[in-house]
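S.K.: Got a structure for you, questions after.
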Amino acid sequence: MTIDAYAYPPCGTNKKIKFYCPDMVADIEKIERMLQGEQRVACLDFVRKMLEKHPDHSVPLFYNAILNLQLSDEHKAEEAVNLFLEKHPENPAAHALKATLEASLGKGDEAIDELQTALEKTEERLHPSLYDAFGAVGQMLLMTGKVLGARSHFTLQSNLAPDDDNMPMQMLMRLNNAPEIPIFLKQDLSLAECPADFPRKDEFNKALQDAAQGLWRKGLKQFEDLRAGAPRNPAILENIAALQFSLGQDDVAAKTLHTYAVAEQRNDFETATEAEALAKALTDQDEAQIDVVNASMSIHEMEPLLEKLRVDERCEHLPIDLSQLGTEESPPPRAAYLLLDKPRAASGVDITLENVSSVLGELLVFGKETDRPARIEFTSAKGPSFDEAISTLKEICGDTIDSTVSEDVQGRIFALQDLMNWQWRLPDDTPNEVRTRLMTEKRREVILENWVNFPLQTLNGKTPLEASKDTELRLPLAAEVLTLEMVGQQEKWKFDFSELKEKLSLPTAGTLPIENLDVLNLPITRLHRLPVSELSDQDLIQGYGRSVIRGLNKAVEILANELLVRESLKGQIDRSQLYGELARTATDSDQALAYLKKAQEEAVQQGRSPGLWMVAELSMRFERREMQEAQMLMQTLMSKYAQEPQTAQALFGVLQRFGLITPDGRMAGMPAGPPPAQSGPEAGGGLWTPGAPAGPPPQAAPQQAAGEEKKSGLWLPGMD
């Protein structure tokens, strides 16, 4: 390649090559050719020879640092970067490379400080090494759980990205779609404008300007100076918290945000509640925990015991491969069961919540070993039902076991998690609409009866009902309810939170007023309250887009339905995608299937292939064990759409997920009929739709109730 003498050298200086290093033009050209040819080892040897001639020059020092970062061990990379920084402490590229190095070593604070120093020392143009450092620091922050800081770094990197690099945007999309990330952490950080009556407006706006350019450390210092004269100014507190989050200072940012929420609650209680909920999400609360224990009892008579377990309907046999449960220290168990609180009902057609069998825990039966007697092992969280479970087990086993219980702690879980989760076993013939009804009834019972009476540390150890009578706890109580409501959105709960708010004497949140409504900047926690029928077409589309990319299921459902009936948008929107999103947000599989059928019909009407939506339906047919329908879909897909690359790839992923394709890519064959009914606790699978990963559905959030269908974190085709 030919180097322009009037271009800037690659090392980060602001002097042009003609005036800074004219005698190195040929060397730079050779280095760049070797780098393009990926001859890094040879290139490093050449650069070392340059360093012998020019030991203090930034050009060979820069290349030496870059190549050692790519090729050498940590020690050599650190030596090379530190040498560059020592010789040229004012060079922003040196600090950017140091930031990248520190990020790779997991030194978060050091990496952020070096990157901020690089930005502060940048005078005219942003060196490419700073762009790369934003990505490296963002990745490091994400790995350490500092999601908001990672968002800030990826957002700034995305704004600087060249047309051929969409990695920063992909990272933001992954953050937005991750179901395990709370909704509060999917909100972009924003900076408050200067209040009209603030006397030091010029200083405020200068801090805003610096912060907007990524100079977060500098902006934070300026806002902290302003705070000294106005310690409870909400705008200053909000901006300080946002910049602290951007700099990865989550602990101190959460405290600042709490101070802001307390200061703001009289002016805007809803905004204060959202801030308090975010602060809560990032604060380690010392909530009560309970043990998960393995309770062991010796067996006196093995065969009589196995017979008792076989005939008692409170013991549900698990037809699993027991050999997988063996270890080097212990052979596998002889049998495995679920222990139920009551026998399963004969039919689920008219079953009521009172008749549903709950799972108390898992039971394993072990034979005699060289150094251990035969025993049963019961595993469960040591919650309110633990004693009942042990009593039930002793009643079933009678004198075939020793009544002495030996407990071994396997781990710990939050007591609230145990409260909010449940497992049950429904009769195999339970209709889907009955399962949905039972799930709704159970959730209502858990929230309105159990949760409201559970002590929380954020409420000073009081229960939500007790806190509702304490005006000092009104804000943290509202934040707890909002947190629960956002979990419900992510998990597609059918529950009216206005009922809970009324019970706790909290203000209910209705439809937002249309006056002065800014859809693009509205907090994402409010998008489900948009006045959809009054929105302009543009606002409706923008609100829908924001809801989709952040997985706001309730908002997506409301906005998608309005888009489908909006006459002015007919022919301008992809209706098949709208139906696909409605399938993803559906609360039961019958409804989801109906939407997938409509998505296929709309694709055909638009002159496009319905193949991807048929694959989505196939995934759901497998989940529902409807093998006859699945076989028909497979035949259609293979005969008409298997030659379409996207459809073929999606079909392969679904078949692989369900074990119908062998590891070497051969078809394993379609099952002849429905497999045996599930013997484990109620737990459905995720709905695959076009664009979703073909593997297993993502892990649910901790608050997901066992027995509930798992949800897949899906996004629309074309959104990545």
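Residue numbering restarts at 1 in every chain; chains get A, B, ... in the order shown in the structure tokens, and ligands count up from 1 in that same order.
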Let's see if you can do this: from backbone DSSP, list all strand (DSSP E or B) residues in stretch 271-312 of chain A, as a PyMOL selection string.
M.R.: chain A and resi 289-299
S.K.: Just give me the gap between atom CA of A:Ala509 and atom CA of A:Asn233 in Å, one decimal is fine.
M.R.: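 About the pair atom CA of A:Ala509 and atom CA of A:Asn233: they are 26.1 Å apart.
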S.K.: If you run DSSP on the backbone here, which positions in stretch 402-491 of chain A get alpha helix (DSSP H)? Please write them as a short mmCIF file (atom, residue, chain, number, x, y, z; two decimals) with all heavy atoms, in the first residue's frame.
M.R.:
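result13.cif was written with the following content:
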data_model
loop_
_atom_site.label_atom_id
_atom_site.label_comp_id
_atom_site.auth_asym_id
_atom_site.auth_seq_id
_atom_site.Cartn_x
_atom_site.Cartn_y
_atom_site.Cartn_z
N ALA A 415 -35.27 -17.15 50.20
CA ALA A 415 -36.58 -17.59 50.67
C ALA A 415 -37.70 -17.04 49.79
O ALA A 415 -38.72 -17.70 49.56
CB ALA A 415 -36.78 -17.16 52.13
N LEU A 416 -37.50 -15.82 49.28
CA LEU A 416 -38.51 -15.24 48.40
C LEU A 416 -38.62 -16.02 47.10
O LEU A 416 -39.72 -16.19 46.55
CB LEU A 416 -38.17 -13.77 48.10
CG LEU A 416 -39.17 -13.01 47.23
CD1 LEU A 416 -40.55 -13.00 47.86
CD2 LEU A 416 -38.68 -11.59 46.96
N GLN A 417 -37.50 -16.52 46.60
CA GLN A 417 -37.51 -17.34 45.40
C GLN A 417 -38.32 -18.61 45.63
O GLN A 417 -39.13 -19.02 44.79
CB GLN A 417 -36.08 -17.70 44.99
CG GLN A 417 -35.97 -18.58 43.75
CD GLN A 417 -34.54 -18.95 43.44
OE1 GLN A 417 -33.61 -18.45 44.04
NE2 GLN A 417 -34.36 -19.85 42.50
N ASP A 418 -38.14 -19.22 46.78
CA ASP A 418 -38.91 -20.41 47.12
C ASP A 418 -40.40 -20.09 47.22
O ASP A 418 -41.25 -20.87 46.81
CB ASP A 418 -38.40 -21.00 48.43
CG ASP A 418 -39.11 -22.28 48.82
OD1 ASP A 418 -39.00 -23.27 48.06
OD2 ASP A 418 -39.79 -22.30 49.86
N LEU A 419 -40.69 -18.91 47.75
CA LEU A 419 -42.10 -18.50 47.90
C LEU A 419 -42.77 -18.31 46.55
O LEU A 419 -43.92 -18.71 46.34
CB LEU A 419 -42.16 -17.20 48.70
CG LEU A 419 -43.55 -16.59 48.88
CD1 LEU A 419 -44.26 -17.25 50.05
CD2 LEU A 419 -43.44 -15.08 49.12
N MET A 420 -42.05 -17.69 45.61
CA MET A 420 -42.65 -17.31 44.34
C MET A 420 -42.65 -18.45 43.32
O MET A 420 -43.28 -18.33 42.28
CB MET A 420 -41.91 -16.11 43.75
CG MET A 420 -42.00 -14.85 44.58
SD MET A 420 -43.69 -14.24 44.74
CE MET A 420 -44.01 -13.71 43.06
N ASN A 432 -55.35 -27.24 27.65
CA ASN A 432 -54.49 -26.07 27.74
C ASN A 432 -55.17 -24.89 28.41
O ASN A 432 -54.56 -24.15 29.18
CB ASN A 432 -54.00 -25.66 26.34
CG ASN A 432 -52.96 -26.61 25.79
OD1 ASN A 432 -52.16 -27.15 26.54
ND2 ASN A 432 -52.97 -26.83 24.49
N GLU A 433 -56.48 -24.71 28.11
CA GLU A 433 -57.17 -23.58 28.71
C GLU A 433 -57.31 -23.75 30.22
O GLU A 433 -57.29 -22.77 30.97
CB GLU A 433 -58.56 -23.39 28.07
CG GLU A 433 -59.52 -24.56 28.21
CD GLU A 433 -59.40 -25.57 27.08
OE1 GLU A 433 -58.38 -25.54 26.36
OE2 GLU A 433 -60.34 -26.36 26.91
N VAL A 434 -57.40 -25.00 30.68
CA VAL A 434 -57.47 -25.25 32.12
C VAL A 434 -56.10 -24.98 32.75
O VAL A 434 -56.01 -24.40 33.84
CB VAL A 434 -57.93 -26.69 32.40
CG1 VAL A 434 -57.87 -26.99 33.90
CG2 VAL A 434 -59.35 -26.90 31.88
N ARG A 435 -55.02 -25.41 32.09
CA ARG A 435 -53.68 -25.13 32.60
C ARG A 435 -53.47 -23.63 32.74
O ARG A 435 -52.92 -23.15 33.74
CB ARG A 435 -52.62 -25.71 31.66
CG ARG A 435 -52.61 -27.23 31.60
CD ARG A 435 -51.64 -27.74 30.53
NE ARG A 435 -51.76 -29.17 30.35
CZ ARG A 435 -51.01 -30.07 30.99
NH1 ARG A 435 -50.08 -29.66 31.83
NH2 ARG A 435 -51.19 -31.36 30.78
N THR A 436 -53.90 -22.87 31.73
CA THR A 436 -53.75 -21.42 31.78
C THR A 436 -54.55 -20.83 32.93
O THR A 436 -54.07 -19.95 33.66
CB THR A 436 -54.20 -20.80 30.45
OG1 THR A 436 -53.41 -21.34 29.38
CG2 THR A 436 -54.03 -19.29 30.46
N ARG A 437 -55.78 -21.31 33.10
CA ARG A 437 -56.62 -20.80 34.20
C ARG A 437 -55.99 -21.10 35.55
O ARG A 437 -55.92 -20.23 36.43
CB ARG A 437 -58.01 -21.41 34.12
CG ARG A 437 -58.89 -21.10 35.33
CD ARG A 437 -60.27 -21.69 35.21
NE ARG A 437 -60.28 -23.14 35.03
CZ ARG A 437 -60.10 -24.01 36.03
NH1 ARG A 437 -59.87 -23.58 37.26
NH2 ARG A 437 -60.15 -25.32 35.79
N LEU A 438 -55.50 -22.32 35.72
CA LEU A 438 -54.89 -22.69 36.99
C LEU A 438 -53.64 -21.86 37.27
O LEU A 438 -53.40 -21.43 38.40
CB LEU A 438 -54.53 -24.18 36.98
CG LEU A 438 -55.70 -25.17 36.98
CD1 LEU A 438 -55.18 -26.59 36.79
CD2 LEU A 438 -56.50 -25.07 38.27
N MET A 439 -52.85 -21.63 36.22
CA MET A 439 -51.64 -20.84 36.39
C MET A 439 -51.99 -19.43 36.85
O MET A 439 -51.35 -18.86 37.75
CB MET A 439 -50.87 -20.78 35.08
CG MET A 439 -49.47 -20.23 35.18
SD MET A 439 -48.35 -21.31 36.10
CE MET A 439 -48.29 -22.72 34.99
N THR A 440 -53.02 -18.85 36.24
CA THR A 440 -53.44 -17.50 36.60
C THR A 440 -53.95 -17.46 38.04
O THR A 440 -53.62 -16.54 38.81
CB THR A 440 -54.53 -17.01 35.64
OG1 THR A 440 -54.02 -17.05 34.30
CG2 THR A 440 -54.97 -15.60 35.97
N GLU A 441 -54.75 -18.43 38.41
CA GLU A 441 -55.29 -18.48 39.78
C GLU A 441 -54.17 -18.65 40.80
O GLU A 441 -54.17 -18.01 41.86
CB GLU A 441 -56.30 -19.62 39.90
CG GLU A 441 -57.58 -19.39 39.12
CD GLU A 441 -58.52 -20.60 39.19
OE1 GLU A 441 -58.16 -21.59 39.86
OE2 GLU A 441 -59.60 -20.56 38.57
N LYS A 442 -53.23 -19.53 40.50
CA LYS A 442 -52.14 -19.78 41.42
C LYS A 442 -51.26 -18.54 41.60
O LYS A 442 -50.86 -18.20 42.72
CB LYS A 442 -51.29 -20.95 40.93
CG LYS A 442 -50.12 -21.31 41.83
CD LYS A 442 -50.58 -21.82 43.18
CE LYS A 442 -49.42 -22.29 44.03
NZ LYS A 442 -49.85 -22.77 45.36
N ARG A 443 -50.98 -17.88 40.50
CA ARG A 443 -50.14 -16.69 40.60
C ARG A 443 -50.84 -15.61 41.42
O ARG A 443 -50.22 -14.92 42.23
CB ARG A 443 -49.81 -16.16 39.21
CG ARG A 443 -48.85 -14.99 39.25
CD ARG A 443 -48.42 -14.56 37.88
NE ARG A 443 -47.73 -15.64 37.21
CZ ARG A 443 -48.23 -16.32 36.18
NH1 ARG A 443 -49.44 -16.02 35.73
NH2 ARG A 443 -47.55 -17.28 35.62
N ARG A 444 -52.12 -15.45 41.20
CA ARG A 444 -52.88 -14.46 41.97
C ARG A 444 -52.82 -14.79 43.46
O ARG A 444 -52.66 -13.90 44.30
CB ARG A 444 -54.32 -14.42 41.47
CG ARG A 444 -55.17 -13.33 42.12
CD ARG A 444 -56.55 -13.28 41.48
NE ARG A 444 -57.33 -12.21 42.06
CZ ARG A 444 -58.04 -12.32 43.19
NH1 ARG A 444 -58.05 -13.50 43.83
NH2 ARG A 444 -58.71 -11.31 43.66
N GLU A 445 -52.95 -16.06 43.78
CA GLU A 445 -52.89 -16.48 45.18
C GLU A 445 -51.51 -16.21 45.77
O GLU A 445 -51.39 -15.68 46.89
CB GLU A 445 -53.19 -17.98 45.27
CG GLU A 445 -53.02 -18.59 46.65
CD GLU A 445 -53.12 -20.11 46.62
OE1 GLU A 445 -54.23 -20.61 46.40
OE2 GLU A 445 -52.07 -20.78 46.79
N PRO A 464 -44.97 -6.31 52.82
CA PRO A 464 -45.61 -5.26 52.02
C PRO A 464 -46.90 -4.73 52.64
O PRO A 464 -47.17 -3.52 52.59
CB PRO A 464 -45.86 -5.96 50.69
CG PRO A 464 -44.74 -6.95 50.58
CD PRO A 464 -44.55 -7.45 51.98
N LEU A 465 -47.70 -5.61 53.24
CA LEU A 465 -48.93 -5.13 53.88
C LEU A 465 -48.62 -4.21 55.06
O LEU A 465 -49.28 -3.18 55.24
CB LEU A 465 -49.77 -6.32 54.34
CG LEU A 465 -50.75 -6.91 53.33
CD1 LEU A 465 -51.49 -8.10 53.92
CD2 LEU A 465 -51.75 -5.85 52.85
N GLU A 466 -47.63 -4.56 55.85
CA GLU A 466 -47.25 -3.71 56.97
C GLU A 466 -46.66 -2.39 56.46
O GLU A 466 -46.94 -1.32 57.01
CB GLU A 466 -46.23 -4.43 57.85
CG GLU A 466 -46.80 -5.64 58.59
CD GLU A 466 -45.73 -6.49 59.24
OE1 GLU A 466 -44.55 -6.39 58.84
OE2 GLU A 466 -46.07 -7.27 60.15
N ALA A 467 -45.84 -2.48 55.42
CA ALA A 467 -45.22 -1.27 54.88
C ALA A 467 -46.24 -0.32 54.27
O ALA A 467 -46.02 0.90 54.24
CB ALA A 467 -44.18 -1.66 53.82
N ARG A 474 -43.31 4.16 51.66
CA ARG A 474 -44.15 4.19 50.45
C ARG A 474 -43.31 4.06 49.18
O ARG A 474 -43.67 3.32 48.26
CB ARG A 474 -44.95 5.48 50.43
CG ARG A 474 -46.00 5.56 49.33
CD ARG A 474 -46.93 6.73 49.59
NE ARG A 474 -47.95 6.85 48.56
CZ ARG A 474 -47.90 7.72 47.55
NH1 ARG A 474 -46.86 8.53 47.43
NH2 ARG A 474 -48.87 7.76 46.64
N LEU A 475 -42.19 4.76 49.12
CA LEU A 475 -41.34 4.70 47.92
C LEU A 475 -40.71 3.33 47.72
O LEU A 475 -40.84 2.76 46.62
CB LEU A 475 -40.27 5.79 47.99
CG LEU A 475 -39.28 5.84 46.82
CD1 LEU A 475 -40.00 6.12 45.51
CD2 LEU A 475 -38.20 6.90 47.07
N PRO A 476 -40.02 2.75 48.71
CA PRO A 476 -39.46 1.41 48.48
C PRO A 476 -40.53 0.35 48.23
O PRO A 476 -40.29 -0.60 47.49
CB PRO A 476 -38.67 1.12 49.77
CG PRO A 476 -39.18 2.07 50.78
CD PRO A 476 -39.62 3.29 50.03
N LEU A 477 -41.71 0.52 48.82
CA LEU A 477 -42.79 -0.43 48.55
C LEU A 477 -43.23 -0.33 47.10
O LEU A 477 -43.43 -1.36 46.42
CB LEU A 477 -43.97 -0.16 49.48
CG LEU A 477 -45.22 -1.01 49.25
CD1 LEU A 477 -44.91 -2.50 49.43
CD2 LEU A 477 -46.35 -0.58 50.19
N ALA A 478 -43.39 0.88 46.60
CA ALA A 478 -43.77 1.06 45.19
C ALA A 478 -42.72 0.48 44.27
O ALA A 478 -43.03 -0.10 43.21
CB ALA A 478 -44.00 2.54 44.89
N ALA A 479 -41.44 0.62 44.64
CA ALA A 479 -40.36 0.06 43.83
C ALA A 479 -40.41 -1.46 43.81
O ALA A 479 -40.16 -2.09 42.77
CB ALA A 479 -39.01 0.54 44.36
N GLU A 480 -40.75 -2.08 44.94
CA GLU A 480 -40.89 -3.54 44.98
C GLU A 480 -42.02 -4.00 44.07
O GLU A 480 -41.89 -5.00 43.35
CB GLU A 480 -41.15 -4.00 46.42
CG GLU A 480 -39.95 -3.92 47.34
CD GLU A 480 -38.92 -5.00 47.05
OE1 GLU A 480 -39.20 -5.90 46.23
OE2 GLU A 480 -37.83 -4.95 47.65
N VAL A 481 -43.13 -3.29 44.09
CA VAL A 481 -44.27 -3.66 43.25
C VAL A 481 -43.92 -3.48 41.78
O VAL A 481 -44.25 -4.32 40.93
CB VAL A 481 -45.51 -2.84 43.63
CG1 VAL A 481 -46.65 -3.09 42.64
CG2 VAL A 481 -45.97 -3.19 45.05
N LEU A 482 -43.24 -2.38 41.44
CA LEU A 482 -42.85 -2.15 40.05
C LEU A 482 -41.89 -3.24 39.58
O LEU A 482 -41.99 -3.71 38.44
CB LEU A 482 -42.21 -0.78 39.91
CG LEU A 482 -41.73 -0.41 38.50
CD1 LEU A 482 -42.89 -0.41 37.51
CD2 LEU A 482 -41.03 0.95 38.50
N THR A 483 -40.96 -3.63 40.43
CA THR A 483 -40.03 -4.71 40.09
C THR A 483 -40.79 -5.99 39.78
O THR A 483 -40.52 -6.67 38.78
CB THR A 483 -39.05 -4.96 41.24
OG1 THR A 483 -38.29 -3.77 41.48
CG2 THR A 483 -38.10 -6.10 40.91
N LEU A 484 -41.75 -6.31 40.61
CA LEU A 484 -42.56 -7.51 40.40
C LEU A 484 -43.37 -7.40 39.10
O LEU A 484 -43.50 -8.36 38.34
CB LEU A 484 -43.50 -7.71 41.59
CG LEU A 484 -44.13 -9.09 41.77
CD1 LEU A 484 -43.07 -10.15 41.99
CD2 LEU A 484 -45.13 -9.08 42.92
N GLU A 485 -43.88 -6.22 38.83
CA GLU A 485 -44.66 -6.00 37.61
C GLU A 485 -43.81 -6.18 36.37
O GLU A 485 -44.26 -6.75 35.37
CB GLU A 485 -45.28 -4.61 37.63
CG GLU A 485 -46.21 -4.34 36.47
CD GLU A 485 -46.91 -3.00 36.57
OE1 GLU A 485 -46.59 -2.21 37.48
OE2 GLU A 485 -47.79 -2.73 35.72
N MET A 486 -42.56 -5.71 36.39
CA MET A 486 -41.70 -5.86 35.23
C MET A 486 -41.29 -7.32 35.02
O MET A 486 -41.14 -7.78 33.89
CB MET A 486 -40.46 -4.97 35.38
CG MET A 486 -40.76 -3.47 35.29
SD MET A 486 -41.57 -2.98 33.73
CE MET A 486 -43.29 -2.78 34.26
N VAL A 487 -41.10 -8.05 36.12
CA VAL A 487 -40.87 -9.49 35.98
C VAL A 487 -42.07 -10.14 35.32
O VAL A 487 -41.94 -10.99 34.43
CB VAL A 487 -40.60 -10.13 37.36
CG1 VAL A 487 -40.58 -11.66 37.25
CG2 VAL A 487 -39.28 -9.65 37.92
N GLY A 488 -43.27 -9.72 35.74
CA GLY A 488 -44.48 -10.25 35.13
C GLY A 488 -44.56 -9.97 33.65
O GLY A 488 -45.04 -10.80 32.87
N GLN A 489 -44.08 -8.79 33.23
CA GLN A 489 -44.06 -8.49 31.80
C GLN A 489 -43.13 -9.43 31.06
O GLN A 489 -43.47 -9.95 29.99
CB GLN A 489 -43.60 -7.04 31.59
CG GLN A 489 -44.71 -6.03 31.59
CD GLN A 489 -44.54 -5.00 30.48
OE1 GLN A 489 -44.14 -5.33 29.37
NE2 GLN A 489 -44.87 -3.77 30.78
N GLN A 490 -41.95 -9.65 31.60
CA GLN A 490 -40.99 -10.51 30.92
C GLN A 490 -41.48 -11.96 30.87
O GLN A 490 -41.24 -12.68 29.90
CB GLN A 490 -39.64 -10.45 31.61
CG GLN A 490 -38.88 -9.16 31.34
CD GLN A 490 -37.51 -9.14 31.99
OE1 GLN A 490 -37.39 -9.12 33.20
NE2 GLN A 490 -36.47 -9.16 31.17
N GLU A 491 -42.19 -12.39 31.92
CA GLU A 491 -42.63 -13.78 32.01
C GLU A 491 -44.06 -13.99 31.53
O GLU A 491 -44.60 -15.09 31.63
CB GLU A 491 -42.50 -14.26 33.46
CG GLU A 491 -41.09 -14.23 33.99
CD GLU A 491 -40.14 -15.07 33.15
OE1 GLU A 491 -40.54 -16.16 32.70
OE2 GLU A 491 -39.00 -14.63 32.93
#
S.K.: Write out as a list in words which residues come within 10 Å of A:Thr636 when counting only C-alpha atoms, dropping same-chain ones fewer than 5 positions away.
M.R.: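 Once the adjacent positions are removed, what remains is Gly611, Met614, Ala630, Gln631, Tyr641 and Ala642 of chain A.
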S.K.: List the neighbours of A:His317 out to 10 Å using only C-alpha atoms; skip same-chain residues closer than 5 positions along the sequence, and give me the result as number ranges by chain.
M.R.: A: 309-310, 335-339, 363, 679-680
S.K.: Using only C-alpha atoms, which protein or nucleic acid residues come within 10 Å of A:Asn14? Drop anything in the same chain fewer than 4 positions from it, and give the result as a PyMOL selection string.
M.R.: chain A and resi 7-10+20+91+122-125+127
S.K.: Now that the selection is made, can you save its residues with N, CA, C and O atoms as a compact mmCIF listing (two decimals), in the first residue's frame?
M.R.:
# COMPACT_ATOMS: atom_id res chain seq x y z
N ALA A 7 -0.96 12.29 5.41
CA ALA A 7 -1.86 11.59 6.33
C ALA A 7 -1.24 11.56 7.72
O ALA A 7 -0.06 11.86 7.91
N TYR A 8 -2.06 11.19 8.70
CA TYR A 8 -1.56 11.06 10.06
C TYR A 8 -0.90 9.70 10.22
O TYR A 8 -1.36 8.69 9.67
N PRO A 9 0.17 9.60 10.97
CA PRO A 9 0.80 8.30 11.20
C PRO A 9 -0.11 7.42 12.07
O PRO A 9 -1.01 7.92 12.74
N PRO A 10 0.12 6.12 12.07
CA PRO A 10 -0.78 5.20 12.77
C PRO A 10 -0.64 5.21 14.28
O PRO A 10 -1.41 4.55 14.98
N TYR A 20 6.43 14.52 10.80
CA TYR A 20 6.72 13.77 12.03
C TYR A 20 7.69 12.62 11.80
O TYR A 20 8.62 12.41 12.59
N ASN A 91 0.09 10.54 24.62
CA ASN A 91 -0.48 9.95 23.41
C ASN A 91 -1.76 9.19 23.76
O ASN A 91 -1.73 8.24 24.55
N THR A 122 -7.43 13.26 23.67
CA THR A 122 -7.70 13.34 22.24
C THR A 122 -8.04 14.78 21.88
O THR A 122 -8.97 15.36 22.45
N GLU A 123 -7.32 15.34 20.93
CA GLU A 123 -7.51 16.74 20.58
C GLU A 123 -8.37 16.92 19.33
O GLU A 123 -9.27 17.76 19.31
N GLU A 124 -8.09 16.17 18.28
CA GLU A 124 -8.79 16.41 17.02
C GLU A 124 -9.58 15.19 16.56
O GLU A 124 -10.80 15.24 16.43
N ARG A 125 -8.90 14.10 16.29
CA ARG A 125 -9.55 12.93 15.72
C ARG A 125 -9.42 11.75 16.69
O ARG A 125 -8.44 11.63 17.43
N HIS A 127 -8.59 8.18 17.60
CA HIS A 127 -7.74 7.13 17.07
C HIS A 127 -8.50 5.79 17.07
O HIS A 127 -9.29 5.52 18.00
S.K.: Which of these, A:Pro645, A:Pro373, A:Gly580, A:Gly659, has the shortest distance to A:Leu593 once you count only C-alpha atoms?
M.R.: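 For A:Leu593, the nearest of the given residues is A:Gly580.
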S.K.: When distances are computed from only C-alpha atoms, which of A:Glu377, A:Glu307, A:Glu449, A:Glu629 shows the smallest separation from A:Thr400?
M.R.: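 Of all the options, A:Glu307 lies closest to A:Thr400.
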